[in-house]
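Structure file data-v3.pdb (PDB, C-alpha atoms) follows.
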```pdb
ATOM      1  CA  ILE C   1    -119.724 -89.771 -18.371
ATOM      2  CA  PHE C   2    -122.346 -92.521 -18.477
ATOM      3  CA  ASP C   3    -122.554 -95.810 -16.622
ATOM      4  CA  ARG C   4    -122.110 -98.506 -19.271
ATOM      5  CA  ALA C   5    -124.569-100.890 -17.627
ATOM      6  CA  THR C   6    -127.435 -98.494 -16.920
ATOM      7  CA  GLY C   7    -126.853 -95.480 -19.173
ATOM      8  CA  GLU C   8    -127.117 -93.233 -16.099
ATOM      9  CA  ALA C   9    -125.237 -89.908 -16.313
ATOM     10  CA  ILE C  10    -122.613 -90.070 -13.544
ATOM     11  CA  GLY C  11    -120.367 -87.094 -14.283
ATOM     12  CA  ASP C  12    -118.524 -85.130 -16.917
ATOM     13  CA  ALA C  13    -114.979 -84.739 -18.128
ATOM     14  CA  GLY C  14    -113.050 -83.166 -20.958
ATOM     15  CA  ILE C  15    -110.381 -80.809 -22.193
ATOM     16  CA  LEU C  16    -110.846 -77.036 -22.105
ATOM     17  CA  HIS C  17    -108.517 -74.646 -23.939
ATOM     18  CA  ILE C  18    -107.841 -71.544 -21.831
ATOM     19  CA  ALA C  19    -107.195 -68.808 -24.362
ATOM     20  CA  ALA C  20    -105.828 -66.288 -21.847
ATOM     21  CA  SER C  21    -102.945 -68.552 -20.808
ATOM     22  CA  GLY C  22    -102.698 -70.845 -23.826
ATOM     23  CA  GLU C  23    -103.020 -73.845 -21.500
ATOM     24  CA  ASN C  24    -105.287 -76.851 -21.942
ATOM     25  CA  GLU C  25    -107.112 -78.004 -18.844
ATOM     26  CA  LEU C  26    -108.199 -81.553 -18.062
ATOM     27  CA  GLY C  27    -111.340 -81.512 -15.946
ATOM     28  CA  TYR C  28    -113.372 -84.318 -14.378
ATOM     29  CA  ARG C  29    -116.337 -84.546 -11.989
ATOM     30  CA  LEU C  30    -118.373 -87.474 -10.752
ATOM     31  CA  ILE C  31    -121.590 -87.700  -8.785
ATOM     32  CA  LYS C  32    -120.878 -88.408  -5.132
ATOM     33  CA  SER C  33    -122.223 -91.972  -5.221
ATOM     34  CA  ARG C  34    -119.437 -92.860  -7.699
ATOM     35  CA  TRP C  35    -116.533 -91.411  -5.712
ATOM     36  CA  GLY C  36    -113.802 -93.783  -4.567
ATOM     37  CA  GLN C  37    -114.258 -96.343  -7.361
ATOM     38  CA  GLY C  38    -111.288 -95.364  -9.533
ATOM     39  CA  LEU C  39    -113.545 -93.909 -12.215
ATOM     40  CA  ALA C  40    -112.042 -90.404 -12.120
ATOM     41  CA  THR C  41    -108.565 -91.833 -12.696
ATOM     42  CA  GLU C  42    -109.849 -94.041 -15.515
ATOM     43  CA  VAL C  43    -111.597 -91.192 -17.304
ATOM     44  CA  ALA C  44    -108.695 -88.766 -16.741
ATOM     45  CA  LYS C  45    -106.245 -91.251 -18.276
ATOM     46  CA  ALA C  46    -108.568 -91.777 -21.253
ATOM     47  CA  TRP C  47    -108.780 -88.025 -21.884
ATOM     48  CA  MET C  48    -105.006 -87.714 -21.527
ATOM     49  CA  ASP C  49    -104.519 -90.428 -24.147
ATOM     50  CA  TYR C  50    -106.944 -88.669 -26.478
ATOM     51  CA  ALA C  51    -105.301 -85.276 -25.921
ATOM     52  CA  PHE C  52    -101.789 -86.568 -26.530
ATOM     53  CA  THR C  53    -102.499 -88.945 -29.431
ATOM     54  CA  GLU C  54    -105.507 -87.508 -31.274
ATOM     55  CA  LEU C  55    -105.215 -83.793 -30.515
ATOM     56  CA  GLY C  56    -101.404 -83.684 -30.615
ATOM     57  CA  LEU C  57    -101.126 -81.844 -27.300
ATOM     58  CA  THR C  58     -97.954 -82.236 -25.271
ATOM     59  CA  GLU C  59     -99.119 -80.803 -21.948
ATOM     60  CA  LEU C  60    -102.277 -80.542 -19.846
ATOM     61  CA  ILE C  61    -103.002 -78.789 -16.582
ATOM     62  CA  ALA C  62    -105.547 -79.776 -13.957
ATOM     63  CA  PHE C  63    -106.490 -78.038 -10.747
ATOM     64  CA  SER C  64    -108.250 -78.700  -7.487
ATOM     65  CA  HIS C  65    -108.904 -77.133  -4.142
ATOM     66  CA  PRO C  66    -105.826 -78.071  -2.074
ATOM     67  CA  ASP C  67    -108.001 -79.804   0.553
ATOM     68  CA  ASN C  68    -109.585 -82.104  -2.056
ATOM     69  CA  GLY C  69    -107.127 -84.936  -1.498
ATOM     70  CA  ALA C  70    -109.015 -87.358  -3.740
ATOM     71  CA  SER C  71    -108.780 -85.046  -6.755
ATOM     72  CA  VAL C  72    -105.106 -84.340  -6.074
ATOM     73  CA  ARG C  73    -104.474 -88.108  -5.897
ATOM     74  CA  VAL C  74    -106.156 -88.571  -9.294
ATOM     75  CA  MET C  75    -103.768 -86.020 -10.789
ATOM     76  CA  GLN C  76    -100.793 -87.719  -9.159
ATOM     77  CA  LYS C  77    -101.905 -91.212 -10.294
ATOM     78  CA  CYS C  78    -102.051 -89.825 -13.830
ATOM     79  CA  GLY C  79     -98.452 -88.638 -13.588
ATOM     80  CA  PHE C  80     -99.196 -84.962 -13.050
ATOM     81  CA  ALA C  81     -96.743 -82.908 -10.980
ATOM     82  CA  PHE C  82     -97.368 -79.796  -8.889
ATOM     83  CA  LEU C  83     -96.949 -76.642 -10.994
ATOM     84  CA  ARG C  84     -98.225 -73.684  -8.954
ATOM     85  CA  ASN C  85    -100.729 -72.246  -6.495
ATOM     86  CA  GLU C  86    -103.334 -69.969  -8.007
ATOM     87  CA  THR C  87    -106.645 -68.275  -7.264
ATOM     88  CA  ILE C  88    -109.413 -69.085  -9.745
ATOM     89  CA  ALA C  89    -112.834 -67.442  -9.405
ATOM     90  CA  GLY C  90    -111.932 -66.443  -5.842
ATOM     91  CA  MET C  91    -110.904 -69.964  -4.801
ATOM     92  CA  ASP C  92    -107.361 -70.984  -3.912
ATOM     93  CA  VAL C  93    -106.322 -73.998  -5.980
ATOM     94  CA  VAL C  94    -103.297 -76.146  -6.677
ATOM     95  CA  VAL C  95    -102.434 -76.493 -10.349
ATOM     96  CA  TYR C  96    -100.749 -79.651 -11.614
ATOM     97  CA  VAL C  97     -99.223 -80.358 -15.035
ATOM     98  CA  GLY C  98     -99.098 -83.561 -17.022
ATOM     99  CA  ARG C  99     -96.830 -83.965 -20.027
ATOM    100  CA  LYS C 100     -96.813 -86.401 -22.921
ATOM    101  CA  ALA C 101     -94.313 -89.201 -22.374
ATOM    102  CA  THR C 102     -91.420 -89.102 -24.792
TER     103      THR C 102
END
```

If you took the structure in this file and wrote it as structure tokens, what would it be?
Amino acid sequence: IFDRATGEAIGDAGILHIAASGENELGYRLIKSRWGQGLATEVAKAWMDYAFTELGLTELIAFSHPDNGASVRVMQKCGFAFLRNETIAGMDVVVYVGRKAT
């Protein structure tokens, strides 16, 4: 993710296919100075649109540490719903799912 005005790298985002589960994960990260500006929601929605229209996917998952309220709110603002609790790489996470609108 790059700042349009300055070209500065401010984060990353994308879709990752998880072969073991067959799920497709939406991920997003921003540098701390850009938190709280609505950018994570904007980029997550853009990737969702791309995944559902261009890639033909019908479902995405996203996960966060349960105490990361800001990340959980991004998922919720994007229409994701709680799916399950899981441990990933030794960290407890909440997994949310977003589905293509029909």

Write out as a Markdown table the residues of segment 25-75 of chain C that have any atom within 12 Å of an atom of segment 92-95 of chain C, one row each with the nearest atom pair and its distance in Å to one decimal, counting all atoms listed in the file, sorted by chain and then rising number.
```
| residue | atom | partner | partner_atom | distance |
| --- | --- | --- | --- | --- |
| C:Glu25 | CA | C:Val95 | CA | 9.8 |
| C:Leu26 | CA | C:Val95 | CA | 10.9 |
| C:Gly27 | CA | C:Val95 | CA | 11.7 |
| C:Leu60 | CA | C:Val95 | CA | 10.3 |
| C:Ile61 | CA | C:Val95 | CA | 6.7 |
| C:Ala62 | CA | C:Val95 | CA | 5.8 |
| C:Phe63 | CA | C:Val95 | CA | 4.4 |
| C:Ser64 | CA | C:Val93 | CA | 5.3 |
| C:His65 | CA | C:Val93 | CA | 4.5 |
| C:Pro66 | CA | C:Val94 | CA | 5.6 |
| C:Asp67 | CA | C:Val93 | CA | 8.9 |
| C:Asn68 | CA | C:Val93 | CA | 9.6 |
| C:Gly69 | CA | C:Val94 | CA | 10.9 |
| C:Ser71 | CA | C:Val94 | CA | 10.5 |
| C:Val72 | CA | C:Val94 | CA | 8.4 |
| C:Met75 | CA | C:Val95 | CA | 9.6 |
```

Name the residues that the PyMOL selection byres ((chain C and resi 11-20) around 8) pulls out of this structure, and write them as a ChimeraX atom specification. /C:1-2,9-10,21-31,43-44,47,51

Using only C-alpha atoms, which residue out of C:Cys78, C:Thr58, C:Glu8, C:Thr102 lies closest to Glu42 of chain C? C:Cys78

Coordinates-based distance that separates atom CA of Tyr96 of chain C from atom CA of Glu54 of chain C (Å, one decimal):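 Here the two named atoms are 21.7 Å from each other.
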
What is the distance, in Å and to one decimal place, between atom CA of Ala81 of chain C and atom CA of Gly98 of chain C?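 Between these atoms lies a distance of 6.5 Å.
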
Generate N, CA, C and O atoms for segment 36-58 of chain C and emit them as a PDB file, keeping the file's coordinate frame.
```pdb
ATOM      1  N   GLY C  36    -114.559 -92.717  -5.199  1.00  0.00           N
ATOM      2  CA  GLY C  36    -113.802 -93.783  -4.567  1.00  0.00           C
ATOM      3  C   GLY C  36    -113.799 -95.106  -5.312  1.00  0.00           C
ATOM      4  O   GLY C  36    -113.406 -96.128  -4.757  1.00  0.00           O
ATOM      5  N   GLN C  37    -114.203 -95.116  -6.572  1.00  0.00           N
ATOM      6  CA  GLN C  37    -114.258 -96.343  -7.361  1.00  0.00           C
ATOM      7  C   GLN C  37    -113.194 -96.401  -8.448  1.00  0.00           C
ATOM      8  O   GLN C  37    -113.187 -97.314  -9.272  1.00  0.00           O
ATOM      9  N   GLY C  38    -112.325 -95.390  -8.508  1.00  0.00           N
ATOM     10  CA  GLY C  38    -111.288 -95.364  -9.533  1.00  0.00           C
ATOM     11  C   GLY C  38    -111.754 -94.825 -10.875  1.00  0.00           C
ATOM     12  O   GLY C  38    -110.988 -94.799 -11.834  1.00  0.00           O
ATOM     13  N   LEU C  39    -113.001 -94.383 -10.942  1.00  0.00           N
ATOM     14  CA  LEU C  39    -113.545 -93.909 -12.215  1.00  0.00           C
ATOM     15  C   LEU C  39    -112.917 -92.599 -12.674  1.00  0.00           C
ATOM     16  O   LEU C  39    -112.687 -92.400 -13.871  1.00  0.00           O
ATOM     17  N   ALA C  40    -112.644 -91.689 -11.739  1.00  0.00           N
ATOM     18  CA  ALA C  40    -112.042 -90.404 -12.120  1.00  0.00           C
ATOM     19  C   ALA C  40    -110.664 -90.633 -12.727  1.00  0.00           C
ATOM     20  O   ALA C  40    -110.311 -90.012 -13.737  1.00  0.00           O
ATOM     21  N   THR C  41    -109.885 -91.528 -12.144  1.00  0.00           N
ATOM     22  CA  THR C  41    -108.565 -91.833 -12.696  1.00  0.00           C
ATOM     23  C   THR C  41    -108.704 -92.459 -14.075  1.00  0.00           C
ATOM     24  O   THR C  41    -107.981 -92.092 -15.010  1.00  0.00           O
ATOM     25  N   GLU C  42    -109.637 -93.381 -14.222  1.00  0.00           N
ATOM     26  CA  GLU C  42    -109.849 -94.041 -15.515  1.00  0.00           C
ATOM     27  C   GLU C  42    -110.218 -93.032 -16.602  1.00  0.00           C
ATOM     28  O   GLU C  42    -109.657 -93.044 -17.700  1.00  0.00           O
ATOM     29  N   VAL C  43    -111.159 -92.154 -16.291  1.00  0.00           N
ATOM     30  CA  VAL C  43    -111.597 -91.192 -17.304  1.00  0.00           C
ATOM     31  C   VAL C  43    -110.516 -90.145 -17.569  1.00  0.00           C
ATOM     32  O   VAL C  43    -110.314 -89.729 -18.714  1.00  0.00           O
ATOM     33  N   ALA C  44    -109.781 -89.738 -16.540  1.00  0.00           N
ATOM     34  CA  ALA C  44    -108.695 -88.766 -16.741  1.00  0.00           C
ATOM     35  C   ALA C  44    -107.619 -89.351 -17.651  1.00  0.00           C
ATOM     36  O   ALA C  44    -107.137 -88.673 -18.567  1.00  0.00           O
ATOM     37  N   LYS C  45    -107.257 -90.606 -17.427  1.00  0.00           N
ATOM     38  CA  LYS C  45    -106.245 -91.251 -18.276  1.00  0.00           C
ATOM     39  C   LYS C  45    -106.735 -91.383 -19.716  1.00  0.00           C
ATOM     40  O   LYS C  45    -105.958 -91.214 -20.662  1.00  0.00           O
ATOM     41  N   ALA C  46    -108.015 -91.672 -19.902  1.00  0.00           N
ATOM     42  CA  ALA C  46    -108.568 -91.777 -21.253  1.00  0.00           C
ATOM     43  C   ALA C  46    -108.509 -90.431 -21.969  1.00  0.00           C
ATOM     44  O   ALA C  46    -108.137 -90.361 -23.155  1.00  0.00           O
ATOM     45  N   TRP C  47    -108.853 -89.354 -21.270  1.00  0.00           N
ATOM     46  CA  TRP C  47    -108.780 -88.025 -21.884  1.00  0.00           C
ATOM     47  C   TRP C  47    -107.335 -87.626 -22.164  1.00  0.00           C
ATOM     48  O   TRP C  47    -107.048 -86.982 -23.173  1.00  0.00           O
ATOM     49  N   MET C  48    -106.422 -88.006 -21.274  1.00  0.00           N
ATOM     50  CA  MET C  48    -105.006 -87.714 -21.527  1.00  0.00           C
ATOM     51  C   MET C  48    -104.540 -88.415 -22.796  1.00  0.00           C
ATOM     52  O   MET C  48    -103.868 -87.814 -23.639  1.00  0.00           O
ATOM     53  N   ASP C  49    -104.897 -89.680 -22.947  1.00  0.00           N
ATOM     54  CA  ASP C  49    -104.519 -90.428 -24.147  1.00  0.00           C
ATOM     55  C   ASP C  49    -105.074 -89.749 -25.392  1.00  0.00           C
ATOM     56  O   ASP C  49    -104.360 -89.572 -26.381  1.00  0.00           O
ATOM     57  N   TYR C  50    -106.328 -89.357 -25.342  1.00  0.00           N
ATOM     58  CA  TYR C  50    -106.944 -88.669 -26.478  1.00  0.00           C
ATOM     59  C   TYR C  50    -106.231 -87.350 -26.775  1.00  0.00           C
ATOM     60  O   TYR C  50    -105.923 -87.039 -27.932  1.00  0.00           O
ATOM     61  N   ALA C  51    -105.949 -86.583 -25.738  1.00  0.00           N
ATOM     62  CA  ALA C  51    -105.301 -85.276 -25.921  1.00  0.00           C
ATOM     63  C   ALA C  51    -103.917 -85.423 -26.541  1.00  0.00           C
ATOM     64  O   ALA C  51    -103.535 -84.651 -27.426  1.00  0.00           O
ATOM     65  N   PHE C  52    -103.168 -86.415 -26.068  1.00  0.00           N
ATOM     66  CA  PHE C  52    -101.789 -86.568 -26.530  1.00  0.00           C
ATOM     67  C   PHE C  52    -101.685 -87.288 -27.875  1.00  0.00           C
ATOM     68  O   PHE C  52    -100.792 -86.984 -28.662  1.00  0.00           O
ATOM     69  N   THR C  53    -102.603 -88.208 -28.170  1.00  0.00           N
ATOM     70  CA  THR C  53    -102.499 -88.945 -29.431  1.00  0.00           C
ATOM     71  C   THR C  53    -103.349 -88.329 -30.540  1.00  0.00           C
ATOM     72  O   THR C  53    -102.869 -88.154 -31.654  1.00  0.00           O
ATOM     73  N   GLU C  54    -104.598 -88.009 -30.234  1.00  0.00           N
ATOM     74  CA  GLU C  54    -105.507 -87.508 -31.274  1.00  0.00           C
ATOM     75  C   GLU C  54    -105.412 -85.998 -31.482  1.00  0.00           C
ATOM     76  O   GLU C  54    -105.500 -85.526 -32.616  1.00  0.00           O
ATOM     77  N   LEU C  55    -105.263 -85.253 -30.398  1.00  0.00           N
ATOM     78  CA  LEU C  55    -105.215 -83.793 -30.515  1.00  0.00           C
ATOM     79  C   LEU C  55    -103.797 -83.271 -30.696  1.00  0.00           C
ATOM     80  O   LEU C  55    -103.611 -82.099 -31.014  1.00  0.00           O
ATOM     81  N   GLY C  56    -102.793 -84.098 -30.457  1.00  0.00           N
ATOM     82  CA  GLY C  56    -101.404 -83.684 -30.615  1.00  0.00           C
ATOM     83  C   GLY C  56    -100.900 -82.748 -29.529  1.00  0.00           C
ATOM     84  O   GLY C  56     -99.883 -82.085 -29.716  1.00  0.00           O
ATOM     85  N   LEU C  57    -101.598 -82.693 -28.393  1.00  0.00           N
ATOM     86  CA  LEU C  57    -101.126 -81.844 -27.300  1.00  0.00           C
ATOM     87  C   LEU C  57     -99.935 -82.504 -26.611  1.00  0.00           C
ATOM     88  O   LEU C  57     -99.785 -83.722 -26.658  1.00  0.00           O
ATOM     89  N   THR C  58     -99.114 -81.698 -25.987  1.00  0.00           N
ATOM     90  CA  THR C  58     -97.954 -82.236 -25.271  1.00  0.00           C
ATOM     91  C   THR C  58     -98.033 -81.977 -23.770  1.00  0.00           C
ATOM     92  O   THR C  58     -97.213 -82.499 -23.017  1.00  0.00           O
TER      93      THR C  58
END
```
